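Asker: Below is the file final_25.csv, which contains CSV, C-alpha atoms.
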chain,number,residue,atom,x,y,z
A,1,MET,CA,30.1,-3.5,-4.7
A,2,ARG,CA,29.2,-4.1,-1.1
A,3,ILE,CA,25.4,-4.5,-1.1
A,4,LEU,CA,22.9,-4.8,1.8
A,5,ILE,CA,19.5,-6.3,0.9
A,6,VAL,CA,16.8,-5.4,3.4
A,7,SER,CA,13.5,-7.2,3.9
A,8,GLU,CA,11.2,-7.8,6.9
A,9,ASP,CA,9.7,-10.8,4.9
A,10,ILE,CA,12.9,-12.8,5.5
A,11,PRO,CA,13.4,-15.2,7.2
A,12,PHE,CA,10.2,-17.3,7.6
A,13,PRO,CA,9.5,-21.0,7.1
A,14,ASN,CA,6.9,-20.2,4.4
A,15,MET,CA,8.0,-17.3,2.4
A,16,GLY,CA,6.1,-15.4,-0.3
A,17,GLY,CA,7.1,-14.1,-3.7
A,18,LEU,CA,8.7,-10.9,-2.3
A,19,ALA,CA,11.1,-12.8,-0.1
A,20,LYS,CA,12.0,-15.3,-2.8
A,21,HIS,CA,12.6,-12.4,-5.2
A,22,ALA,CA,15.0,-10.7,-2.8
A,23,LEU,CA,16.9,-14.0,-2.1
A,24,ASN,CA,17.0,-14.8,-5.8
A,25,LEU,CA,18.5,-11.3,-6.5
A,26,ALA,CA,21.0,-11.8,-3.7
A,27,ARG,CA,22.3,-15.0,-5.2
A,28,ALA,CA,22.5,-13.4,-8.7
A,29,LEU,CA,24.6,-10.5,-7.3
A,30,VAL,CA,26.9,-12.9,-5.5
A,31,ARG,CA,27.4,-14.8,-8.8
A,32,ALA,CA,28.2,-11.5,-10.4
A,33,GLY,CA,31.1,-11.1,-8.0
A,34,HIS,CA,29.6,-8.7,-5.4
A,35,HIS,CA,29.5,-8.9,-1.6
A,36,VAL,CA,25.9,-9.2,-0.4
A,37,ASP,CA,24.6,-9.3,3.1
A,38,LEU,CA,20.9,-9.4,4.2
A,39,LEU,CA,19.2,-7.4,6.9
A,40,GLY,CA,16.0,-9.2,7.9
A,41,CYS,CA,13.5,-9.8,10.6
A,42,ASP,CA,14.6,-10.7,14.1
A,43,GLU,CA,11.9,-13.4,14.7
A,44,HIS,CA,13.8,-16.4,13.3
A,45,PRO,CA,17.3,-17.5,12.3
A,46,ILE,CA,17.9,-17.8,8.6
A,47,ASP,CA,18.0,-21.6,8.9
A,48,VAL,CA,14.2,-21.7,9.0
A,49,CYS,CA,14.3,-21.0,5.2
A,50,GLY,CA,16.2,-24.2,4.5
A,51,GLU,CA,18.0,-24.2,1.1
A,52,GLU,CA,16.1,-21.0,0.0
A,53,GLY,CA,17.9,-19.1,2.7
A,54,LYS,CA,21.4,-19.8,1.4
A,55,PHE,CA,22.4,-16.8,-0.6
A,56,GLY,CA,26.2,-16.6,-0.1
A,57,GLY,CA,26.4,-13.8,2.5
A,58,ARG,CA,25.8,-12.9,6.1
A,59,PHE,CA,22.4,-12.6,7.6
A,60,ILE,CA,21.6,-9.8,10.1
A,61,GLY,CA,18.4,-10.3,12.0
A,62,GLU,CA,17.4,-6.9,13.5
A,63,LEU,CA,14.2,-5.6,11.9
A,64,ASN,CA,11.3,-5.4,14.3
A,65,GLY,CA,8.3,-3.4,15.3
A,66,HIS,CA,6.4,-3.7,11.9
A,67,HIS,CA,3.8,-6.1,13.4
A,68,ALA,CA,2.6,-3.5,15.9
A,69,GLY,CA,-1.1,-3.0,15.6
A,70,TRP,CA,-1.5,0.3,17.4
A,71,LYS,CA,-5.0,-0.9,18.3
A,72,GLU,CA,-6.3,0.1,14.9
A,73,ILE,CA,-8.7,-2.9,14.8
A,74,SER,CA,-10.1,-2.2,18.2
A,75,PHE,CA,-10.5,1.5,17.5
A,76,GLY,CA,-11.8,0.9,14.0
A,77,MET,CA,-9.6,3.4,12.3
A,78,PHE,CA,-6.1,3.9,10.9
A,79,MET,CA,-3.8,5.7,13.3
A,80,PRO,CA,-1.8,8.6,11.7
A,81,PRO,CA,1.4,8.1,13.8
A,82,LYS,CA,1.7,4.3,13.2
A,83,ARG,CA,3.4,4.1,9.8
A,84,PRO,CA,5.7,7.1,10.3
A,85,SER,CA,6.8,5.5,13.6
A,86,ILE,CA,7.5,2.1,11.9
A,87,ALA,CA,9.4,3.8,9.1
A,88,ARG,CA,11.6,5.8,11.5
A,89,ASN,CA,12.4,2.6,13.4
A,90,PHE,CA,13.4,0.8,10.2
A,91,ALA,CA,15.5,3.9,9.0
A,92,LYS,CA,17.3,3.9,12.4
A,93,ILE,CA,18.2,0.2,12.0
A,94,ILE,CA,19.3,0.7,8.4
A,95,LEU,CA,21.5,3.7,9.2
A,96,ARG,CA,23.4,1.6,11.8
A,97,HIS,CA,24.7,-0.5,8.9
A,98,ALA,CA,24.7,1.9,5.9
A,99,PRO,CA,28.3,3.1,6.4
A,100,ASN,CA,29.5,-0.5,5.7
A,101,TYR,CA,27.9,-0.7,2.2
A,102,ASP,CA,27.9,1.0,-1.1
A,103,VAL,CA,24.2,0.6,-1.6
A,104,ILE,CA,21.1,-0.4,0.5
A,105,HIS,CA,18.3,-2.2,-1.5
A,106,TYR,CA,15.0,-2.5,0.4
A,107,HIS,CA,12.3,-5.0,-0.5
A,108,GLY,CA,9.3,-4.7,1.9
A,109,HIS,CA,6.1,-3.1,2.9
A,110,ILE,CA,7.3,0.2,4.5
A,111,PRO,CA,7.5,2.5,1.4
A,112,ASN,CA,7.9,5.6,3.5
A,113,VAL,CA,11.1,4.5,5.1
A,114,ALA,CA,13.2,6.5,2.6
A,115,ARG,CA,11.5,9.7,4.0
A,116,TYR,CA,13.7,9.2,7.1
A,117,LEU,CA,17.0,8.5,5.4
A,118,PRO,CA,19.6,11.2,4.6
A,119,PRO,CA,19.9,12.1,0.9
A,120,ASP,CA,23.6,11.0,0.8
A,121,VAL,CA,22.7,7.4,1.6
A,122,ASN,CA,22.6,5.3,-1.6
A,123,PHE,CA,19.2,3.8,-1.0
A,124,VAL,CA,17.0,1.9,-3.5
A,125,GLN,CA,13.7,0.4,-2.8
A,126,THR,CA,11.7,-2.1,-5.0
A,127,ARG,CA,8.0,-1.8,-4.8
A,128,HIS,CA,6.3,-5.2,-5.1
A,129,ASP,CA,2.7,-4.2,-4.4
A,130,GLN,CA,0.3,-1.3,-4.2
A,131,GLY,CA,1.2,-0.4,-0.6
A,132,GLY,CA,2.5,3.0,-1.7
A,133,ASP,CA,-1.0,4.3,-1.5
A,134,CYS,CA,-3.1,1.4,-0.2
A,135,PHE,CA,-2.9,0.3,3.4
A,136,ARG,CA,-4.1,-3.2,2.3
A,137,HIS,CA,-1.3,-3.3,-0.4
A,138,THR,CA,-3.8,-4.8,-2.8
A,139,ARG,CA,-6.2,-2.2,-4.0
A,140,PHE,CA,-8.9,-4.8,-3.6
A,141,ARG,CA,-12.1,-4.4,-1.5
A,142,GLU,CA,-15.4,-6.3,-1.2
A,143,GLY,CA,-14.4,-8.6,-4.0
A,144,GLN,CA,-13.6,-5.8,-6.5
A,145,ILE,CA,-10.6,-3.8,-7.7
A,146,CYS,CA,-10.5,-0.5,-5.9
A,147,ASP,CA,-9.5,2.5,-8.0
A,148,SER,CA,-10.7,5.3,-5.7
A,149,ILE,CA,-8.2,8.0,-4.9
A,150,ASP,CA,-10.3,9.5,-2.1
A,151,PRO,CA,-8.4,9.0,1.2
A,152,ALA,CA,-11.7,9.1,3.1
A,153,GLU,CA,-12.9,6.0,1.3
A,154,CYS,CA,-9.9,4.1,2.8
A,155,ALA,CA,-11.7,4.2,6.2
A,156,LYS,CA,-14.0,1.4,5.0
A,157,CYS,CA,-11.1,-0.9,4.7
A,158,ILE,CA,-10.7,-1.1,8.4
A,159,ASN,CA,-14.4,-0.5,9.4
A,160,PRO,CA,-17.2,-1.1,6.9
A,161,THR,CA,-19.4,1.6,8.6
A,162,PRO,CA,-17.0,4.2,10.0
A,163,ASN,CA,-18.5,7.0,12.0
A,164,ALA,CA,-17.4,10.6,11.4
A,165,ILE,CA,-14.4,10.5,13.8
A,166,GLN,CA,-13.2,7.2,12.5
A,167,ARG,CA,-13.5,8.5,8.9
A,168,ALA,CA,-11.6,11.7,9.7
A,169,VAL,CA,-8.8,10.0,11.6
A,170,SER,CA,-8.3,7.3,8.9
A,171,LYS,CA,-8.3,9.9,6.2
A,172,ALA,CA,-5.6,11.9,8.0
A,173,ALA,CA,-3.5,8.7,8.3
A,174,VAL,CA,-3.8,8.0,4.6
A,175,VAL,CA,-3.1,11.6,3.6
A,176,ARG,CA,0.0,11.8,5.7
A,177,PHE,CA,1.2,8.4,4.5
A,178,ARG,CA,0.8,9.1,0.8
A,179,ARG,CA,2.6,12.4,1.3
A,180,ASP,CA,5.5,10.7,3.0
A,181,VAL,CA,5.7,8.0,0.3
A,182,ALA,CA,5.8,10.6,-2.4
A,183,GLN,CA,8.6,12.4,-0.6
A,184,SER,CA,10.4,9.1,-0.2
A,185,PHE,CA,10.2,8.4,-4.0
A,186,ARG,CA,11.4,11.9,-4.8
A,187,ALA,CA,14.3,11.6,-2.3
A,188,HIS,CA,15.6,8.2,-3.2
A,189,LYS,CA,15.7,5.7,-6.1
A,190,THR,CA,12.6,3.6,-6.6
A,191,VAL,CA,12.1,0.5,-8.7
A,192,PHE,CA,8.7,-0.9,-9.6
A,193,VAL,CA,8.2,-4.6,-10.6
A,194,SER,CA,5.7,-3.5,-13.3
A,195,ASP,CA,4.6,-0.4,-15.1
A,196,LEU,CA,1.2,-1.0,-13.5
A,197,LEU,CA,2.5,-0.1,-10.0
A,198,SER,CA,4.0,3.1,-11.3
A,199,ARG,CA,0.8,4.1,-13.1
A,200,ASN,CA,-1.4,3.3,-10.1
A,201,PHE,CA,0.8,5.3,-7.7
A,202,ALA,CA,0.7,8.3,-10.1
A,203,ARG,CA,-3.1,8.1,-10.0
A,204,CYS,CA,-2.9,9.3,-6.4
A,205,ALA,CA,0.3,11.3,-6.4
A,206,GLY,CA,0.1,12.9,-9.8
A,207,PRO,CA,2.5,12.7,-12.6
A,208,GLY,CA,6.2,12.6,-11.8
A,209,PRO,CA,9.4,10.7,-12.3
A,210,TRP,CA,8.5,8.2,-9.5
A,211,GLY,CA,10.9,5.5,-10.5
A,212,THR,CA,11.8,2.9,-13.1
A,213,THR,CA,10.5,-0.6,-13.9
A,214,VAL,CA,12.5,-3.7,-13.6
A,215,HIS,CA,10.1,-6.7,-14.0
A,216,ASN,CA,9.9,-9.5,-11.5
A,217,PHE,CA,12.2,-12.4,-12.4
A,218,VAL,CA,12.8,-16.1,-11.7
A,219,ASP,CA,15.7,-18.5,-11.4
A,220,ARG,CA,15.6,-19.7,-15.0
A,221,ASN,CA,18.4,-22.2,-14.5
A,222,ALA,CA,16.5,-23.9,-11.7
A,223,LEU,CA,13.2,-23.9,-13.7
A,224,GLU,CA,14.9,-25.3,-16.8
A,225,LYS,CA,16.3,-28.2,-14.7
A,226,VAL,CA,12.8,-28.9,-13.3
A,227,ARG,CA,11.4,-28.7,-16.9
A,228,HIS,CA,14.0,-31.1,-18.2
A,229,ALA,CA,13.4,-33.6,-15.3
A,230,ALA,CA,9.6,-33.5,-16.1
A,231,SER,CA,10.3,-34.2,-19.8
A,232,LEU,CA,11.9,-37.5,-18.9
A,233,LEU,CA,8.8,-38.8,-17.1
A,234,PRO,CA,6.3,-40.9,-19.0
A,235,PRO,CA,3.3,-38.8,-20.2
A,236,ARG,CA,0.2,-38.9,-18.0
A,237,GLU,CA,-3.3,-39.5,-19.3
A,238,GLY,CA,-5.8,-36.8,-19.2
A,239,PHE,CA,-5.7,-33.0,-19.0
A,240,HIS,CA,-3.9,-31.9,-15.8
A,241,VAL,CA,-4.4,-28.3,-14.7
A,242,PHE,CA,-2.3,-26.8,-11.9
A,243,ILE,CA,-3.0,-23.8,-9.6
A,244,ALA,CA,-0.6,-22.5,-6.9
A,245,ALA,CA,-2.2,-19.7,-4.9
A,246,LYS,CA,-3.2,-18.6,-1.5
A,247,LEU,CA,-6.9,-19.5,-0.9
A,248,TYR,CA,-8.6,-16.1,-0.3
A,249,PRO,CA,-10.8,-13.9,-2.5
A,250,ALA,CA,-8.2,-11.8,-4.3
A,251,LYS,CA,-6.6,-14.9,-5.9
A,252,GLY,CA,-9.8,-15.9,-7.6
A,253,VAL,CA,-9.5,-19.6,-7.2
A,254,GLU,CA,-13.0,-20.0,-5.8
A,255,GLN,CA,-14.4,-17.9,-8.7
A,256,PHE,CA,-12.5,-20.0,-11.2
A,257,LEU,CA,-13.7,-23.4,-9.7
A,258,HIS,CA,-17.3,-22.1,-9.5
A,259,ALA,CA,-17.1,-21.3,-13.3
A,260,LEU,CA,-15.3,-24.5,-14.2
A,261,ALA,CA,-17.2,-27.1,-12.1
A,262,PRO,CA,-20.4,-27.2,-14.2
A,263,ARG,CA,-18.3,-27.5,-17.4
A,264,LEU,CA,-15.5,-29.8,-16.1
A,265,PRO,CA,-14.7,-32.1,-19.0
A,266,LYS,CA,-14.1,-35.8,-18.4
A,267,GLY,CA,-10.4,-36.5,-18.1
A,268,MET,CA,-9.6,-33.0,-16.7
A,269,VAL,CA,-8.0,-33.0,-13.3
A,270,VAL,CA,-7.4,-29.7,-11.4
A,271,THR,CA,-4.8,-29.7,-8.6
A,272,VAL,CA,-4.7,-26.7,-6.2
A,273,ALA,CA,-1.5,-26.1,-4.1
A,274,GLY,CA,-1.9,-23.5,-1.3
A,275,ASP,CA,-3.7,-22.8,1.9
A,276,GLY,CA,-5.6,-19.9,3.3
A,277,PRO,CA,-8.7,-18.8,5.1
A,278,ASP,CA,-11.0,-20.1,2.4
A,279,GLU,CA,-9.5,-23.6,2.1
A,280,LYS,CA,-11.9,-25.5,4.3
A,281,ARG,CA,-15.0,-24.1,2.6
A,282,MET,CA,-13.5,-24.7,-0.9
A,283,ARG,CA,-12.7,-28.3,0.0
A,284,GLU,CA,-16.2,-28.9,1.1
A,285,LYS,CA,-17.7,-27.3,-2.0
A,286,PHE,CA,-15.4,-28.5,-4.8
A,287,GLU,CA,-13.1,-31.4,-3.7
A,288,GLY,CA,-13.7,-34.7,-5.5
A,289,SER,CA,-12.2,-37.1,-8.0
A,290,GLN,CA,-11.3,-34.3,-10.5
A,291,ILE,CA,-10.5,-31.4,-8.2
A,292,GLU,CA,-7.9,-31.9,-5.5
A,293,PHE,CA,-6.5,-29.6,-2.8
A,294,LEU,CA,-3.0,-30.3,-1.5
A,295,GLY,CA,-2.8,-27.5,1.1
A,296,TRP,CA,0.5,-25.7,1.5
A,297,CYS,CA,3.4,-27.3,-0.5
A,298,ALA,CA,7.1,-26.7,-0.3
A,299,PRO,CA,8.5,-24.7,-3.3
A,300,ASP,CA,10.3,-27.6,-4.9
A,301,ARG,CA,7.2,-29.7,-4.8
A,302,THR,CA,5.1,-26.9,-6.2
A,303,LEU,CA,7.5,-26.5,-9.2
A,304,LYS,CA,7.6,-30.2,-9.8
A,305,LEU,CA,3.8,-30.3,-9.9
A,306,ALA,CA,3.6,-27.3,-12.2
A,307,SER,CA,6.2,-29.0,-14.5
A,308,MET,CA,4.0,-32.1,-14.8
A,309,ALA,CA,0.8,-30.2,-15.6
A,310,ASN,CA,-0.6,-29.6,-19.1
A,311,ALA,CA,-1.6,-26.1,-18.2
A,312,ILE,CA,-1.2,-23.5,-15.5
A,313,VAL,CA,-4.0,-21.3,-14.3
A,314,VAL,CA,-3.4,-18.0,-12.4
A,315,PRO,CA,-7.0,-16.9,-11.8
A,316,SER,CA,-6.3,-13.7,-9.7
A,317,VAL,CA,-9.1,-11.2,-9.8
A,318,TRP,CA,-7.1,-8.4,-8.1
A,319,GLU,CA,-4.4,-6.6,-10.0
A,320,GLU,CA,-1.4,-8.8,-9.7
A,321,PRO,CA,1.7,-6.5,-10.0
A,322,CYS,CA,4.0,-9.1,-11.6
A,323,ALA,CA,3.0,-12.6,-10.6
A,324,THR,CA,5.9,-15.1,-10.1
A,325,THR,CA,3.4,-17.9,-10.8
A,326,VAL,CA,2.8,-16.5,-14.3
A,327,LEU,CA,6.6,-16.3,-15.0
A,328,GLU,CA,7.1,-19.8,-13.7
A,329,GLY,CA,4.4,-21.2,-15.9
A,330,LEU,CA,5.9,-19.5,-19.0
A,331,PHE,CA,9.4,-20.6,-18.3
A,332,LEU,CA,8.3,-24.1,-17.6
A,333,GLY,CA,6.9,-24.1,-21.2
A,334,LYS,CA,3.2,-24.3,-20.1
A,335,PRO,CA,0.2,-22.6,-21.5
A,336,THR,CA,-0.7,-20.1,-18.8
A,337,PHE,CA,-4.2,-18.9,-18.4
A,338,ALA,CA,-4.9,-15.6,-16.5
A,339,LEU,CA,-7.2,-12.5,-16.5
A,340,ARG,CA,-6.1,-9.4,-18.4
A,341,ARG,CA,-5.6,-7.4,-15.3
A,342,GLY,CA,-2.8,-5.7,-13.4
A,343,GLY,CA,0.7,-6.2,-14.5
A,344,THR,CA,0.0,-9.6,-16.0
A,345,PRO,CA,-0.4,-8.4,-19.7
A,346,GLU,CA,3.1,-6.9,-19.4
A,347,LEU,CA,4.4,-10.5,-19.1
A,348,ALA,CA,3.5,-11.4,-22.7
A,349,VAL,CA,7.1,-10.3,-23.6
A,350,TYR,CA,8.3,-13.5,-21.8
A,351,GLU,CA,6.3,-15.9,-24.0
A,352,ALA,CA,8.3,-18.5,-25.8
A,353,GLU,CA,5.7,-18.3,-28.6
A,354,PRO,CA,2.6,-16.1,-29.3
A,355,GLY,CA,-0.4,-17.4,-27.5
A,356,GLN,CA,1.4,-19.1,-24.6
A,357,LEU,CA,0.1,-16.5,-22.1
A,358,ARG,CA,-3.6,-16.7,-22.6
A,359,LEU,CA,-5.3,-13.6,-21.3
A,360,HIS,CA,-9.0,-13.1,-20.8
A,361,ASP,CA,-11.4,-10.3,-19.8
A,362,ASP,CA,-13.5,-12.4,-17.5
A,363,MET,CA,-13.5,-15.8,-15.8
A,364,ALA,CA,-16.2,-17.3,-18.1
A,365,SER,CA,-14.0,-16.7,-21.2
A,366,LEU,CA,-11.0,-18.1,-19.4
A,367,VAL,CA,-12.8,-21.3,-18.6
A,368,SER,CA,-14.2,-21.6,-22.1
A,369,ASP,CA,-10.7,-21.3,-23.5
A,370,LEU,CA,-9.3,-23.8,-21.0
A,371,VAL,CA,-11.9,-26.6,-21.6
A,372,THR,CA,-11.4,-26.4,-25.3
A,373,PHE,CA,-7.6,-26.2,-25.3
A,374,ASP,CA,-5.5,-29.0,-26.7
A,375,PRO,CA,-3.6,-30.5,-23.7
A,376,GLY,CA,-0.9,-31.8,-26.0
A,377,THR,CA,0.2,-28.3,-26.9
A,378,ARG,CA,3.9,-27.7,-26.2
A,379,TYR,CA,6.0,-24.5,-26.2
A,380,GLY,CA,9.7,-23.9,-26.6
A,381,PHE,CA,12.1,-21.8,-24.6
A,382,ALA,CA,12.0,-18.0,-24.3
A,383,ALA,CA,15.0,-16.1,-25.5
A,384,GLU,CA,18.2,-16.8,-23.6
A,385,GLY,CA,18.5,-14.8,-20.3
A,386,LEU,CA,15.0,-13.3,-20.6
A,387,GLY,CA,13.3,-13.0,-17.2
A,388,CYS,CA,16.2,-14.3,-15.2
A,389,ALA,CA,17.6,-12.8,-12.0
A,390,ASP,CA,21.1,-12.4,-13.6
A,391,ARG,CA,19.8,-10.0,-16.2
A,392,ALA,CA,17.8,-8.1,-13.7
A,393,ALA,CA,20.9,-7.9,-11.4
A,394,GLN,CA,22.8,-6.1,-14.2
A,395,GLN,CA,20.0,-3.6,-14.6
A,396,LEU,CA,19.9,-3.0,-10.9
A,397,LEU,CA,23.6,-2.6,-10.7
A,398,GLU,CA,23.4,0.3,-13.1
A,399,ILE,CA,20.8,1.9,-10.8
A,400,TYR,CA,23.0,1.2,-7.7
A,401,ARG,CA,25.9,3.0,-9.4
A,402,SER,CA,23.9,6.1,-10.2
A,403,PRO,CA,24.2,9.0,-7.7
A,404,PRO,CA,22.2,8.8,-4.5
A,405,GLY,CA,18.9,10.5,-4.5
A,406,GLY,CA,18.4,10.6,-8.3
A,407,HIS,CA,15.8,9.0,-10.5
A,408,HIS,CA,17.4,6.6,-12.8
A,409,ARG,CA,16.0,5.2,-16.0
A,410,VAL,CA,17.1,1.9,-17.4
Output the file's structure as structure tokens, nothing else.
Answerer:
Amino acid sequence: MRILIVSEDIPFPNMGGLAKHALNLARALVRAGHHVDLLGCDEHPIDVCGEEGKFGGRFIGELNGHHAGWKEISFGMFMPPKRPSIARNFAKIILRHAPNYDVIHYHGHIPNVARYLPPDVNFVQTRHDQGGDCFRHTRFREGQICDSIDPAECAKCINPTPNAIQRAVSKAAVVRFRRDVAQSFRAHKTVFVSDLLSRNFARCAGPGPWGTTVHNFVDRNALEKVRHAASLLPPREGFHVFIAAKLYPAKGVEQFLHALAPRLPKGMVVTVAGDGPDEKRMREKFEGSQIEFLGWCAPDRTLKLASMANAIVVPSVWEEPCATTVLEGLFLGKPTFALRRGGTPELAVYEAEPGQLRLHDDMASLVSDLVTFDPGTRYGFAAEGLGCADRAAQQLLEIYRSPPGGHHRV
């Protein structure tokens, strides 16, 4: 097949999980014998991604306009025309290339783009976050998970004290957007990276065949090479805990350290890789001989550090849809500690052995488990092919080959 992967998150020097997912999929599809090109953002050449940007096809940098603010911050309200306008622009760019491909597969943050594509275009989108009904994409506000379906409540996400006009205009923007997204999902094929995302969308849109789930995935071959290299190193003394996360409230790193610091056992060392708006404050509060902050780290260094740790902690307090860091921890053979939230419980199917994914209802119980855990615990390998991009590519190829516009179950 001739396949066009589309994502405004590519290319950038520091790419997140969505971009890595799309590039990992592109490489798997090329390995399976398909022709794959990538339509991405026009801000940078693909070279800024380094080795990660090499996927075996042609890069087309044309996506633009998605950073436009429409003065929402200054007006203190969401503007109803903004998201339809961005979606129309993306649809126009996609349609210029659609005749050259058998399928278009979109990975991005404009879920209503399918609303503006003809029904005969074989279009698939993968939903990586909760942006189908939440303008923040996270369903997280004021340090708490947000489960409200009232569109008027969304006004507080751009202005904590909206007046009547701001509230009414923001509500109109959310109502229109959710309607357009529902129409998009009805008109074209939709994939969710976890059942959680499908359930949470149905909470707003009502029951319906909104799409199918193909879990997030990793490059297992690469991870197993990293794991093997780490096994050749001499063992380190102590209990080494590793966290890779953006340092802002939803990721829960500060809450975790706050709960751990008073109970930090002698010999335990916590290494945090990642930057973000809270980094400076967290360094001042927690950094010391047993807690170290590395700032942003390149992906290869991050995986090497994870492979050398005794345990991985993913302390997110928002509903992670399908965290790559959890999958990486499991496939590196590490005990992986997380909260029982979002799509994370679904990832227990990727354990090498029962108990490897250690889920907890609150941070206090997570910390209690961690500080009493035996750092010498080792885990084997999950079943062959499980959680890898190549298997997911085969599932997606079945969806690609189904008729345009239909809902396909795998």
Asker: To one decimal place in Å, what is the distance between atom CA of Ile158 of chain A and atom CA of Arg127 of chain A?
Answerer: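 Computing it gives 22.9 Å between the two atoms.
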Asker: Between segment 175-232 of chain A and segment 21-35 of chain A, at 9 Å or less, what are the per-residue closest atom pairs and their distances in Å? Count all atoms listed in the file, order by chain and rising residue number, and return it as JSON lines.
Answerer:
{"residue": "A:Asn216", "atom": "CA", "partner": "A:His21", "partner_atom": "CA", "distance": 7.4}
{"residue": "A:Phe217", "atom": "CA", "partner": "A:His21", "partner_atom": "CA", "distance": 7.2}
{"residue": "A:Val218", "atom": "CA", "partner": "A:Asn24", "partner_atom": "CA", "distance": 7.4}
{"residue": "A:Asp219", "atom": "CA", "partner": "A:Asn24", "partner_atom": "CA", "distance": 6.8}
Asker: Taking only C-alpha atoms into account, name the residue in A:Gly333, A:Gly387, A:Gly355, A:Pro265 that is nearest to Ser231 of chain A.
Answerer: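 Nearest to Ser231 of chain A: A:Gly333.
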Asker: For atom CA of Ile149 of chain A and atom CA of Arg136 of chain A, determine how far apart the two atoms are, in Å to one decimal place.
Answerer: 13.9 Å
Asker: Go through segment 128-181 of chain A and flag each residue having an atom no more than 7 Å from segment 316-322 of chain A; for those, report the closest pair of atoms plus their distance in Å to one decimal, using only C-alpha atoms, ordered by chain and rising number, as a tab-separated table.
Answerer:
residue	atom	partner	partner_atom	distance
A:His128	CA	A:Pro321	CA	6.8
A:Asp129	CA	A:Pro321	CA	6.1
A:Phe140	CA	A:Trp318	CA	6.0
A:Ile145	CA	A:Trp318	CA	5.8
Asker: Which residue out of A:Lys71, A:Arg236, A:His105, A:Arg203 has the minimum interatomic distance to Lys189 of chain A when all atoms listed in the file are used?
Answerer: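 Of A:Lys71, A:Arg236, A:His105, A:Arg203, the one nearest Lys189 of chain A, counting all atoms listed in the file, is A:His105.
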Asker: At most 12 Å is the cut-off: for each residue in segment 316-367 of chain A with any atom that close to an atom of segment 287-306 of chain A, write down the nearest atom pair and the distance in Å rounded to one decimal, counting only C-alpha atoms, chain first then increasing number, as a tab-separated table.
Answerer:
residue	atom	partner	partner_atom	distance
A:Thr324	CA	A:Leu303	CA	11.5
A:Thr325	CA	A:Ala306	CA	9.5
A:Val326	CA	A:Ala306	CA	11.0
A:Leu327	CA	A:Ala306	CA	11.7
A:Glu328	CA	A:Leu303	CA	8.1
A:Gly329	CA	A:Ala306	CA	7.2
A:Leu330	CA	A:Ala306	CA	10.6
A:Phe331	CA	A:Ala306	CA	10.8
A:Leu332	CA	A:Ala306	CA	7.8
A:Gly333	CA	A:Ala306	CA	10.1
A:Lys334	CA	A:Ala306	CA	8.5
A:Pro335	CA	A:Ala306	CA	11.0
A:Thr336	CA	A:Ala306	CA	10.7
Asker: State, in Å with one decimal place, the distance from atom CA of Pro249 of chain A to atom CA of Gly276 of chain A.
Answerer: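 Atom CA of Pro249 of chain A sits 9.8 Å away from atom CA of Gly276 of chain A.
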Asker: Within 8 Å of Arg58 of chain A, counting all atoms listed in the file, which residues qualify if same-chain residues fewer than 6 places away don't, as number ranges by chain?
Answerer: A: 36-38
Asker: Fewer than 2 positions away in the same chain doesn't count, so skip those; otherwise give me all residues within 7 Å of segment 376-386 of chain A, counting all atoms listed in the file, as a ChimeraX atom specification.
Answerer: /A:331,333-334,350-353,374,388,391
Asker: Write out as a list of chain:residue names which residues come within 9 Å of Ala98 of chain A when counting all atoms listed in the file, dropping same-chain ones fewer than 4 positions away.
Answerer: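 Returned residues: A:Leu4, A:Ile94, A:Asp102, A:Val103, A:Ile104, A:Val121, A:Asn122.
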Asker: Complete the atom set of segment 22-30 of chain A to N, CA and C atoms and return it as an mmCIF file, keeping the file's coordinate frame.
Answerer:
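Contents of rebuild-v4.cif, as written:
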data_model
loop_
_atom_site.group_PDB
_atom_site.id
_atom_site.type_symbol
_atom_site.label_atom_id
_atom_site.label_comp_id
_atom_site.auth_asym_id
_atom_site.auth_seq_id
_atom_site.Cartn_x
_atom_site.Cartn_y
_atom_site.Cartn_z
ATOM 1 N N ALA A 22 13.848 -11.345 -3.386
ATOM 2 C CA ALA A 22 15.000 -10.700 -2.800
ATOM 3 C C ALA A 22 16.177 -11.720 -2.640
ATOM 4 N N LEU A 23 15.871 -12.956 -2.245
ATOM 5 C CA LEU A 23 16.900 -14.000 -2.100
ATOM 6 C C LEU A 23 17.475 -14.384 -3.458
ATOM 7 N N ASN A 24 16.614 -14.467 -4.443
ATOM 8 C CA ASN A 24 17.000 -14.800 -5.800
ATOM 9 C C ASN A 24 17.993 -13.706 -6.326
ATOM 10 N N LEU A 25 17.638 -12.450 -6.070
ATOM 11 C CA LEU A 25 18.500 -11.300 -6.500
ATOM 12 C C LEU A 25 19.841 -11.399 -5.741
ATOM 13 N N ALA A 26 19.802 -11.676 -4.437
ATOM 14 C CA ALA A 26 21.000 -11.800 -3.700
ATOM 15 C C ALA A 26 21.987 -12.800 -4.257
ATOM 16 N N ARG A 27 21.464 -13.960 -4.624
ATOM 17 C CA ARG A 27 22.300 -15.000 -5.200
ATOM 18 C C ARG A 27 22.878 -14.558 -6.560
ATOM 19 N N ALA A 28 22.056 -13.868 -7.355
ATOM 20 C CA ALA A 28 22.500 -13.400 -8.700
ATOM 21 C C ALA A 28 23.649 -12.364 -8.497
ATOM 22 N N LEU A 29 23.508 -11.482 -7.519
ATOM 23 C CA LEU A 29 24.600 -10.500 -7.300
ATOM 24 C C LEU A 29 25.848 -11.112 -6.796
ATOM 25 N N VAL A 30 25.727 -12.154 -5.972
ATOM 26 C CA VAL A 30 26.900 -12.900 -5.500
ATOM 27 C C VAL A 30 27.586 -13.563 -6.716
#
